[in-house]
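S.K.: File query-v3.txt below, compact mmCIF, C-alpha atoms:
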```
# COMPACT_ATOMS: atom_id res chain seq x y z
CA MET A 3 104.02 125.72 88.25
CA GLY A 4 104.27 123.76 91.50
CA CYS A 5 100.70 124.65 92.46
CA SER A 6 99.35 122.39 95.20
CA GLY A 7 95.76 123.41 94.60
CA ASN A 8 95.59 124.95 98.08
CA CYS A 9 95.18 128.71 97.78
CA SER A 10 94.95 129.58 101.48
CA ASP A 11 98.66 130.38 101.92
CA CYS A 12 99.44 131.38 98.32
CA SER A 13 100.36 134.94 97.34
CA SER A 14 99.66 134.43 93.62
CA ASN A 15 96.46 135.96 92.30
CA CYS A 16 95.64 133.22 89.82
CA ASN A 17 92.22 132.15 91.11
CA SER A 18 93.38 128.53 90.79
CA GLY A 19 90.88 127.52 93.43
CA GLU A 20 88.04 128.52 91.12
CA LYS A 21 89.48 127.52 87.77
CA ASP A 22 88.96 124.01 86.40
CA MET A 23 92.45 122.87 85.42
CA HIS A 24 91.35 119.50 84.00
CA ILE A 25 92.39 118.80 80.43
CA ALA A 26 90.22 117.13 77.82
CA CYS A 27 90.48 113.39 77.26
CA ASN A 28 91.29 111.98 73.82
CA GLU A 29 88.58 113.39 71.56
CA TYR A 30 87.55 109.94 70.33
CA SER A 31 87.28 108.49 73.83
CA LYS A 32 84.75 108.63 76.64
CA VAL A 33 85.88 107.74 80.16
CA LYS A 34 82.96 107.76 82.56
CA LYS A 35 84.68 107.25 85.93
CA VAL A 36 88.33 107.65 86.99
CA ILE A 37 89.62 105.98 90.14
CA GLY A 38 93.10 106.70 91.46
CA VAL A 39 94.91 104.02 93.47
CA VAL A 40 97.50 105.60 95.76
CA SER A 41 99.88 104.77 98.59
CA GLY A 42 102.06 106.80 100.88
CA LYS A 43 105.01 104.45 100.39
CA GLY A 44 106.21 101.76 98.02
CA GLY A 45 106.01 98.01 98.46
CA VAL A 46 102.45 97.82 99.77
CA GLY A 47 100.95 96.06 96.75
CA LYS A 48 99.29 99.06 95.13
CA SER A 49 99.68 97.72 91.58
CA LEU A 50 98.28 94.34 92.63
CA VAL A 51 95.24 96.05 94.12
CA THR A 52 94.83 98.18 90.99
CA SER A 53 95.00 95.13 88.72
CA MET A 54 92.58 93.08 90.78
CA LEU A 55 90.06 95.92 91.18
CA ALA A 56 90.07 96.47 87.40
CA THR A 57 89.61 92.73 86.83
CA ALA A 58 86.78 92.54 89.35
CA MET A 59 84.97 95.41 87.63
CA GLN A 60 85.61 93.95 84.16
CA VAL A 61 84.16 90.52 84.92
CA LYS A 62 80.99 92.23 86.20
CA GLY A 63 80.38 93.40 82.63
CA ASN A 64 82.02 96.84 82.73
CA ALA A 65 84.51 98.21 80.22
CA CYS A 66 87.65 98.89 82.24
CA ALA A 67 91.05 100.44 81.63
CA VAL A 68 94.27 100.87 83.60
CA MET A 69 96.55 103.86 83.17
CA ASP A 70 99.96 103.02 84.60
CA ALA A 71 101.03 106.39 86.00
CA ASP A 72 104.01 104.89 87.83
CA ILE A 73 106.36 105.96 85.05
CA THR A 74 109.65 105.10 86.74
CA GLY A 75 108.43 101.82 88.23
CA PRO A 76 105.81 100.40 85.86
CA SER A 77 104.53 96.95 86.73
CA ILE A 78 101.01 96.82 85.29
CA PRO A 79 101.99 95.25 81.90
CA LYS A 80 103.91 92.48 83.71
CA ALA A 81 100.96 91.72 85.97
CA PHE A 82 98.59 91.38 83.00
CA GLY A 83 101.09 89.69 80.69
CA VAL A 84 100.89 92.34 77.94
CA LYS A 85 103.83 93.59 75.92
CA GLY A 86 104.63 96.40 73.48
CA PRO A 87 105.26 98.02 71.26
CA ALA A 88 102.03 99.96 71.40
CA MET A 89 100.53 100.75 68.00
CA GLN A 90 98.71 103.86 66.88
CA ASN A 91 96.29 104.96 64.20
CA GLU A 92 94.51 108.15 63.23
CA LEU A 93 92.51 108.06 66.50
CA GLY A 94 95.56 108.02 68.74
CA LEU A 95 97.91 105.69 70.57
CA LEU A 96 96.31 102.28 71.05
CA PRO A 97 96.33 100.65 74.48
CA ALA A 98 97.16 96.98 74.87
CA LYS A 99 94.27 94.63 75.66
CA THR A 100 94.44 92.01 78.36
CA LYS A 101 92.88 88.54 78.12
CA THR A 102 89.61 89.76 79.62
CA GLY A 103 89.59 92.93 77.50
CA ILE A 104 90.96 95.48 79.97
CA GLU A 105 92.75 98.31 78.16
CA VAL A 106 96.24 99.11 79.44
CA MET A 107 98.68 101.93 78.75
CA SER A 108 102.11 102.05 80.35
CA ILE A 109 105.51 103.52 79.55
CA ASN A 110 106.78 99.93 79.30
CA LEU A 111 104.65 99.50 76.17
CA LEU A 112 106.54 102.37 74.53
CA LEU A 113 110.13 101.46 75.41
CA GLU A 114 112.40 99.35 73.22
CA SER A 115 113.10 97.14 76.23
CA GLU A 116 110.84 96.72 79.25
CA GLU A 117 113.99 96.67 81.39
CA ALA A 118 115.17 100.10 80.17
CA PRO A 119 115.21 102.65 83.01
CA VAL A 120 113.20 105.85 82.72
CA ILE A 121 115.60 108.57 83.82
CA TRP A 122 113.41 111.64 83.45
CA ARG A 123 112.85 114.74 85.53
CA GLY A 124 109.47 115.51 87.06
CA PRO A 125 108.09 117.83 84.34
CA VAL A 126 108.78 115.26 81.61
CA ILE A 127 107.10 112.51 83.62
CA SER A 128 104.11 114.77 84.25
CA GLY A 129 103.89 115.52 80.54
CA MET A 130 103.79 111.80 79.76
CA ILE A 131 100.87 111.31 82.16
CA GLN A 132 98.95 114.05 80.39
CA GLN A 133 99.71 112.43 77.03
CA PHE A 134 98.31 109.13 78.29
CA TRP A 135 95.06 110.99 78.94
CA THR A 136 94.92 113.10 75.79
CA GLU A 137 96.63 111.01 73.11
CA VAL A 138 95.60 107.43 73.91
CA PHE A 139 92.48 106.15 72.16
CA TRP A 140 90.71 104.62 75.14
CA GLY A 141 87.35 104.27 73.44
CA ASP A 142 84.33 103.93 75.74
CA VAL A 143 85.43 103.16 79.30
CA ASP A 144 83.17 102.68 82.31
CA TYR A 145 85.94 102.62 84.93
CA MET A 146 89.53 103.74 84.49
CA PHE A 147 91.96 102.86 87.28
CA VAL A 148 95.08 105.02 87.56
CA ASP A 149 97.99 103.21 89.21
CA MET A 150 99.85 106.06 90.89
CA PRO A 151 103.48 106.04 92.06
CA PRO A 152 103.98 106.03 95.83
CA GLY A 153 104.12 109.34 97.66
CA THR A 154 102.68 112.80 97.08
CA GLY A 155 104.97 114.22 94.39
CA ASP A 156 104.75 115.55 90.85
CA VAL A 157 102.74 112.72 89.33
CA ALA A 158 100.04 112.83 92.00
CA LEU A 159 99.72 116.59 91.49
CA THR A 160 99.53 116.14 87.72
CA VAL A 161 96.85 113.45 87.93
CA PHE A 162 94.71 115.33 90.45
CA GLN A 163 94.98 118.65 88.57
CA SER A 164 94.79 117.40 84.96
CA ILE A 165 92.45 114.41 85.09
CA PRO A 166 88.90 114.49 86.52
CA VAL A 167 89.48 111.89 89.24
CA ASP A 168 86.20 110.77 90.82
CA GLY A 169 87.93 109.44 93.91
CA ILE A 170 90.90 107.51 95.25
CA VAL A 171 91.60 104.24 97.01
CA ILE A 172 94.44 104.31 99.56
CA VAL A 173 96.47 101.09 99.81
CA THR A 174 98.48 100.33 102.93
CA THR A 175 99.79 97.50 105.12
CA PRO A 176 99.35 96.71 108.86
CA GLN A 177 102.47 98.32 110.32
CA ASP A 178 103.09 100.95 112.96
CA LEU A 179 103.85 103.70 110.46
CA VAL A 180 100.46 103.17 108.79
CA THR A 181 98.86 106.17 110.50
CA MET A 182 101.41 108.65 109.17
CA ILE A 183 101.51 107.13 105.68
CA VAL A 184 97.73 106.95 105.24
CA LYS A 185 97.24 110.46 106.57
CA LYS A 186 99.76 111.89 104.09
CA ALA A 187 97.72 110.49 101.20
CA TYR A 188 94.48 111.51 102.91
CA ASN A 189 95.64 115.08 103.51
CA MET A 190 96.83 115.52 99.94
CA ALA A 191 93.48 114.33 98.58
CA GLU A 192 91.70 116.71 100.93
CA MET A 193 93.87 119.63 99.77
CA MET A 194 93.16 118.75 96.13
CA ASN A 195 89.42 118.30 96.78
CA VAL A 196 89.52 114.68 95.61
CA PRO A 197 87.04 112.30 97.27
CA ILE A 198 88.38 109.24 99.12
CA PHE A 199 86.51 105.98 98.64
CA GLY A 200 88.34 104.25 101.45
CA ILE A 201 91.34 102.16 102.43
CA VAL A 202 92.47 98.71 101.30
CA GLU A 203 94.82 97.02 103.75
CA ASN A 204 97.03 94.58 101.85
CA MET A 205 98.96 91.71 103.51
CA SER A 206 96.57 92.06 106.44
CA TYR A 207 96.97 88.48 107.63
CA LEU A 208 98.00 84.95 106.64
CA GLU A 209 95.42 82.21 106.91
CA CYS A 210 96.74 78.86 108.10
CA PRO A 211 95.92 76.25 105.42
CA ASP A 212 95.44 73.56 108.08
CA CYS A 213 93.37 75.16 110.84
CA GLY A 214 92.15 78.39 109.20
CA LYS A 215 93.59 80.58 111.96
CA LYS A 216 94.44 84.14 110.90
CA ILE A 217 98.06 85.03 111.64
CA SER A 218 99.03 88.72 111.83
CA VAL A 219 102.44 88.47 110.15
CA PHE A 220 103.12 92.22 110.30
CA GLY A 221 101.52 92.86 113.66
CA GLU A 222 97.97 93.60 114.68
CA SER A 223 96.09 95.86 112.29
CA LYS A 224 95.29 99.41 113.34
CA ILE A 225 93.51 100.29 110.14
CA ASP A 226 89.99 100.37 111.63
CA GLU A 227 91.01 103.01 114.16
CA VAL A 228 92.92 105.02 111.55
CA ALA A 229 89.98 104.95 109.14
CA ALA A 230 87.52 105.92 111.85
CA SER A 231 89.68 108.91 112.84
CA MET A 232 89.40 110.21 109.25
CA ASN A 233 85.78 109.16 108.79
CA ILE A 234 86.51 106.97 105.77
CA PRO A 235 85.67 103.27 105.33
CA VAL A 236 87.93 100.25 105.18
CA LEU A 237 87.07 98.72 101.81
CA ALA A 238 88.94 95.45 102.33
CA LYS A 239 91.55 93.62 104.38
CA LEU A 240 93.44 91.39 101.95
CA PRO A 241 95.16 88.20 103.08
CA ILE A 242 98.64 87.14 102.01
CA LYS A 243 98.24 84.59 99.20
CA SER A 244 101.37 83.21 97.58
CA GLU A 245 99.32 81.83 94.67
CA ASN A 246 98.29 85.34 93.69
CA ALA A 247 101.90 86.54 93.75
CA ASN A 248 102.78 83.63 91.46
CA LEU A 249 100.00 84.56 89.06
CA VAL A 250 101.31 88.14 88.88
CA ASP A 251 104.79 86.84 88.10
CA LYS A 252 103.29 84.77 85.28
CA GLY A 253 101.33 87.74 83.87
CA ALA A 254 98.04 86.14 84.85
CA VAL A 255 96.68 88.45 87.55
CA GLU A 256 93.23 88.13 86.00
CA LEU A 257 93.11 84.54 87.29
CA ALA A 258 93.69 85.62 90.89
CA GLU A 259 90.68 85.13 93.12
CA MET A 260 89.95 87.14 96.24
CA LYS A 261 86.42 87.71 97.49
CA GLU A 262 87.57 90.74 99.48
CA ILE A 263 88.53 92.54 96.25
CA ASN A 264 85.15 91.77 94.70
CA GLU A 265 83.44 93.23 97.74
CA ALA A 266 85.64 96.34 97.56
CA ALA A 267 84.80 96.77 93.87
CA ASP A 268 81.08 96.55 94.70
CA LYS A 269 81.46 99.23 97.38
CA ILE A 270 83.27 101.57 94.99
CA ALA A 271 80.65 101.04 92.27
CA GLU A 272 77.91 101.83 94.76
CA MET A 273 79.64 105.07 95.80
CA LEU A 274 79.91 106.14 92.18
CA LYS A 275 76.20 105.76 91.44
```
Please go through the file and, once you have read it, give me the structure as structure tokens.
M.R.:
Amino acid sequence: MGCSGNCSDCSSNCNSGEKDMHIACNEYSKVKKVIGVVSGKGGVGKSLVTSMLATAMQVKGNACAVMDADITGPSIPKAFGVKGPAMQNELGLLPAKTKTGIEVMSINLLLESEEAPVIWRGPVISGMIQQFWTEVFWGDVDYMFVDMPPGTGDVALTVFQSIPVDGIVIVTTPQDLVTMIVKKAYNMAEMMNVPIFGIVENMSYLECPDCGKKISVFGESKIDEVAASMNIPVLAKLPIKSENANLVDKGAVELAEMKEINEAADKIAEMLK
């Protein structure tokens, strides 16, 4: 319990560094690739990036799914406009389907009210994440995106140790604390031996609708230097678009258009070949 996956300073003789701790997916499901979407802090648009990456992959002809692992702050169902209660049959708990066919599972699909707070301790939350993996009938999925809560706590440990994550995308914003925040997520992934696909910088700039000039609302980006120092790529720099925020509020994130996200999805797919 509380294992970080790093055995170098551990006195326990459990051989955890050699043992595969991943648990089996739902026996009636086949998930080919799992992509975690993480951030070092909240409010950077991680769920928006998750939703748009899944949509970009889906419209390219892939079967996609989103596991909402942000148990205490779930926003994926709202973004896609799906509601509970989730049903189940003899194969397991059934995920909701979005308008384009993306499969979604979130705690908000299991609560009596989507506004009910989830006041659970870490072990209970971790157990729910594992149940999403083992008890949900996902079917055949090409790409599953896991929307992680911010930070490097219990849920991140549970996902990295229990689910065979093929790699992660780090989401951040162009602010001075970006170096520290990105490196926290980077260092945790390194300790857990999880590959890093790259960084998506959200709210990177605002494009003037009249002259097309790019305005750095949150200051000049440092993400290229940060990424270079860790030898990982910048997958995309996303502009601020109020129309996309409005679509999320309306549960229509699948209608949001952003060429930068499509390019990021192509890069991830290429890395997974």
S.K.: Find the spatial neighbours of stretch 157-164 of chain A, counting all atoms listed in the file, within a cut-off of 8 Å - ignore same-chain residues fewer than 6 positions away - and output them as a PyMOL selection string.
M.R.: chain A and resi 6-7+23-25+71+124+127-128+131-132+150-151+194+196
S.K.: Please indicate the distance in Å from atom CA of A:Gly169 to atom CA of A:Lys43, rounded to one decimal place.
M.R.: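 Between atom CA of A:Gly169 and atom CA of A:Lys43 the gap works out to 18.9 Å.
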S.K.: Near stretch 186-189 of chain A, within 7 Å and counting all atoms listed in the file, which residues show up once chain neighbours fewer than 3 positions away are dropped, as a list in words?
M.R.: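 My reading of the contact set: Ser41, Gly42, Thr154, Met182, Ile183, Glu192 and Met193 of chain A.
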S.K.: Put those residues in a file: C-alpha atoms, as a PDB file, in the frame of the given file.
M.R.:
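The file below, again.pdb, is the result:
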```pdb
ATOM      1  CA  SER A  41      99.880 104.770  98.590  1.00  0.00           C
ATOM      2  CA  GLY A  42     102.060 106.800 100.880  1.00  0.00           C
ATOM      3  CA  THR A 154     102.680 112.800  97.080  1.00  0.00           C
ATOM      4  CA  MET A 182     101.410 108.650 109.170  1.00  0.00           C
ATOM      5  CA  ILE A 183     101.510 107.130 105.680  1.00  0.00           C
ATOM      6  CA  GLU A 192      91.700 116.710 100.930  1.00  0.00           C
ATOM      7  CA  MET A 193      93.870 119.630  99.770  1.00  0.00           C
TER       8      MET A 193
END
```
S.K.: What are the centre and the three edge lengths of an axis-aligned box that wraps all atoms of stretch 184-187 of chain A in the file, given that 5 Å is added to every side, written as AutoDock Vina command-line options and rounded to one decimal in Å?
M.R.:
```
--center_x 98.5 --center_y 109.4 --center_z 103.9 --size_x 12.5 --size_y 14.9 --size_z 15.4
```
S.K.: Between A:Glu262, A:Asp70, A:Glu222, A:Glu256, which one has atoms that come closest to A:Thr100, using all atoms listed in the file?
M.R.: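 Of A:Glu262, A:Asp70, A:Glu222, A:Glu256, the one nearest A:Thr100, counting all atoms listed in the file, is A:Glu256.
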S.K.: How many Å lie between atom CA of A:Met69 and atom CA of A:Ala258, rounded to one decimal?
M.R.: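 Interatomic distance here is 20.0 Å.
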S.K.: Select all residues near (85.7, 89.7, 96.6) (cut-off 10 Å, inclusive, file coordinates), counting all atoms listed in the file, and output them as a list in words.
M.R.: Met54, Leu55, Ala58, Ala238, Leu240, Glu259, Met260, Lys261, Glu262, Ile263, Asn264, Glu265, Ala266, Ala267 and Asp268 of chain A
S.K.: Choose the residue, out of A:Leu249, A:Leu274, A:Val126, A:Val138, that has the smallest atom-to-atom separation from A:Thr74; count all atoms listed in the file.
M.R.: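 Of the candidates, the smallest distance to A:Thr74 is held by A:Val126.
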S.K.: Which residue out of A:Lys85, A:Lys99, A:Lys243, A:Lys275 has the minimum interatomic distance to A:Val68 when only C-alpha atoms are used?
M.R.: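 Among the listed residues, the smallest separation from A:Val68 belongs to A:Lys99.
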S.K.: Env of A:Met107: 12 Å cut, atoms = all atoms listed in the file, seq-sep filter 2 positions within chain, self excluded. Answer as a VMD selection string.
M.R.: chain A and resid 66 to 73 76 to 80 82 84 to 89 95 to 100 104 to 105 109 to 113 130 to 131 133 to 135 137 to 140 146 to 149
S.K.: Which of these, A:Gly38, A:Pro119, A:Pro125, A:Gly94, has the shortest distance to A:Val51 once you count all atoms listed in the file?
M.R.: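 The answer is A:Gly38, which sits nearest to A:Val51.
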S.K.: Taking all atoms listed in the file into account, which of A:Met205, A:Leu93, A:Ala26, A:Ile242 comes nearest A:Gly141?
M.R.: A:Leu93
S.K.: Tell me, in Å to one decimal, how far atom CA of A:Asp251 is from atom CA of A:Gln60.
M.R.: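 These two atoms are separated by 20.8 Å.
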S.K.: Between A:Met273, A:Val106, A:Val46, A:Ile165, which one has atoms that come closest to A:Cys27, using all atoms listed in the file?
M.R.: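 Using all atoms listed in the file, A:Cys27 sits closest to A:Ile165.
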S.K.: Please identify all polymer residues within 10 Å of A:Ala81, counting all atoms listed in the file, omitting same-chain residues fewer than 6 positions from it, and present them as a list of chain:residue names.
M.R.: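 These residues fall inside the cut-off: A:Ser49, A:Leu50, A:Ser53, A:Met54, A:Ala247, A:Asn248, A:Leu249, A:Val250, A:Asp251, A:Lys252, A:Gly253, A:Ala254, A:Val255, A:Glu256.
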S.K.: Please provide as a list in words all residues within 7 Å of A:Pro197, with the sequence filter that same-chain residues fewer than 6 positions apart are discarded (counting all atoms listed in the file).
M.R.: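 Here the answer would be Asp168, Gly169, Ile170 and Ala191 of chain A.
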S.K.: Around (99.0, 88.5, 108.1) in the file's frame, which residues reach within 6 Å when counting all atoms listed in the file? Return as a list of chain:residue names?
M.R.: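 Every polymer residue passing the test: A:Met205, A:Ser206, A:Tyr207, A:Leu208, A:Ile217, A:Ser218, A:Val219, A:Phe220.
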S.K.: Taking N, CA, C and O atoms as the atom set, what does stretch 28-50 of chain A look like once completed, written as a CSV table (one decimal), keeping the file's coordinate frame?
M.R.:
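Output below, filename part17.csv:
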```csv
chain,number,residue,atom,x,y,z
A,28,ASN,N,91.2,112.2,75.3
A,28,ASN,CA,91.3,112.0,73.8
A,28,ASN,C,89.9,112.2,73.2
A,28,ASN,O,88.9,111.7,73.7
A,29,GLU,N,89.9,113.0,72.1
A,29,GLU,CA,88.6,113.4,71.6
A,29,GLU,C,87.7,112.2,71.1
A,29,GLU,O,86.5,112.4,70.9
A,30,TYR,N,88.3,111.1,70.8
A,30,TYR,CA,87.6,109.9,70.3
A,30,TYR,C,87.2,109.0,71.5
A,30,TYR,O,86.8,107.8,71.2
A,31,SER,N,87.5,109.4,72.7
A,31,SER,CA,87.3,108.5,73.8
A,31,SER,C,86.3,109.1,74.8
A,31,SER,O,86.1,110.3,74.9
A,32,LYS,N,85.7,108.2,75.6
A,32,LYS,CA,84.8,108.6,76.6
A,32,LYS,C,85.0,107.8,77.9
A,32,LYS,O,84.8,106.6,77.9
A,33,VAL,N,85.6,108.4,78.9
A,33,VAL,CA,85.9,107.7,80.2
A,33,VAL,C,84.9,108.2,81.2
A,33,VAL,O,84.9,109.4,81.6
A,34,LYS,N,84.0,107.3,81.7
A,34,LYS,CA,83.0,107.8,82.6
A,34,LYS,C,83.4,108.0,84.0
A,34,LYS,O,83.1,109.0,84.6
A,35,LYS,N,84.2,107.1,84.5
A,35,LYS,CA,84.7,107.2,85.9
A,35,LYS,C,86.2,107.0,86.0
A,35,LYS,O,86.7,106.0,85.4
A,36,VAL,N,86.9,107.8,86.8
A,36,VAL,CA,88.3,107.6,87.0
A,36,VAL,C,88.6,107.4,88.5
A,36,VAL,O,88.2,108.2,89.3
A,37,ILE,N,89.3,106.4,88.8
A,37,ILE,CA,89.6,106.0,90.1
A,37,ILE,C,91.1,105.9,90.3
A,37,ILE,O,91.8,105.1,89.6
A,38,GLY,N,91.7,106.7,91.2
A,38,GLY,CA,93.1,106.7,91.5
A,38,GLY,C,93.4,105.7,92.6
A,38,GLY,O,92.7,105.6,93.6
A,39,VAL,N,94.5,105.0,92.4
A,39,VAL,CA,94.9,104.0,93.5
A,39,VAL,C,96.3,104.5,94.0
A,39,VAL,O,97.2,104.6,93.2
A,40,VAL,N,96.3,104.9,95.2
A,40,VAL,CA,97.5,105.6,95.8
A,40,VAL,C,98.0,104.9,97.0
A,40,VAL,O,97.4,104.1,97.6
A,41,SER,N,99.3,105.2,97.3
A,41,SER,CA,99.9,104.8,98.6
A,41,SER,C,100.9,105.8,99.0
A,41,SER,O,101.4,106.5,98.2
A,42,GLY,N,101.1,105.8,100.3
A,42,GLY,CA,102.1,106.8,100.9
A,42,GLY,C,103.5,106.3,100.7
A,42,GLY,O,104.4,107.1,100.8
A,43,LYS,N,103.7,105.0,100.5
A,43,LYS,CA,105.0,104.4,100.4
A,43,LYS,C,105.0,103.3,99.4
A,43,LYS,O,103.9,102.8,99.1
A,44,GLY,N,106.1,102.9,99.0
A,44,GLY,CA,106.2,101.8,98.0
A,44,GLY,C,106.2,100.4,98.7
A,44,GLY,O,106.3,100.3,99.9
A,45,GLY,N,106.0,99.4,97.9
A,45,GLY,CA,106.0,98.0,98.5
A,45,GLY,C,104.8,97.5,99.2
A,45,GLY,O,104.8,96.5,99.9
A,46,VAL,N,103.7,98.2,99.1
A,46,VAL,CA,102.4,97.8,99.8
A,46,VAL,C,101.5,97.0,98.9
A,46,VAL,O,100.4,96.6,99.4
A,47,GLY,N,101.8,96.8,97.6
A,47,GLY,CA,101.0,96.1,96.8
A,47,GLY,C,99.9,96.9,96.0
A,47,GLY,O,98.9,96.4,95.6
A,48,LYS,N,100.2,98.1,95.8
A,48,LYS,CA,99.3,99.1,95.1
A,48,LYS,C,98.9,98.6,93.7
A,48,LYS,O,97.8,98.6,93.3
A,49,SER,N,99.9,98.2,93.0
A,49,SER,CA,99.7,97.7,91.6
A,49,SER,C,98.9,96.4,91.6
A,49,SER,O,98.0,96.2,90.7
A,50,LEU,N,99.1,95.6,92.5
A,50,LEU,CA,98.3,94.3,92.6
A,50,LEU,C,96.8,94.7,92.9
A,50,LEU,O,95.9,94.2,92.2
```
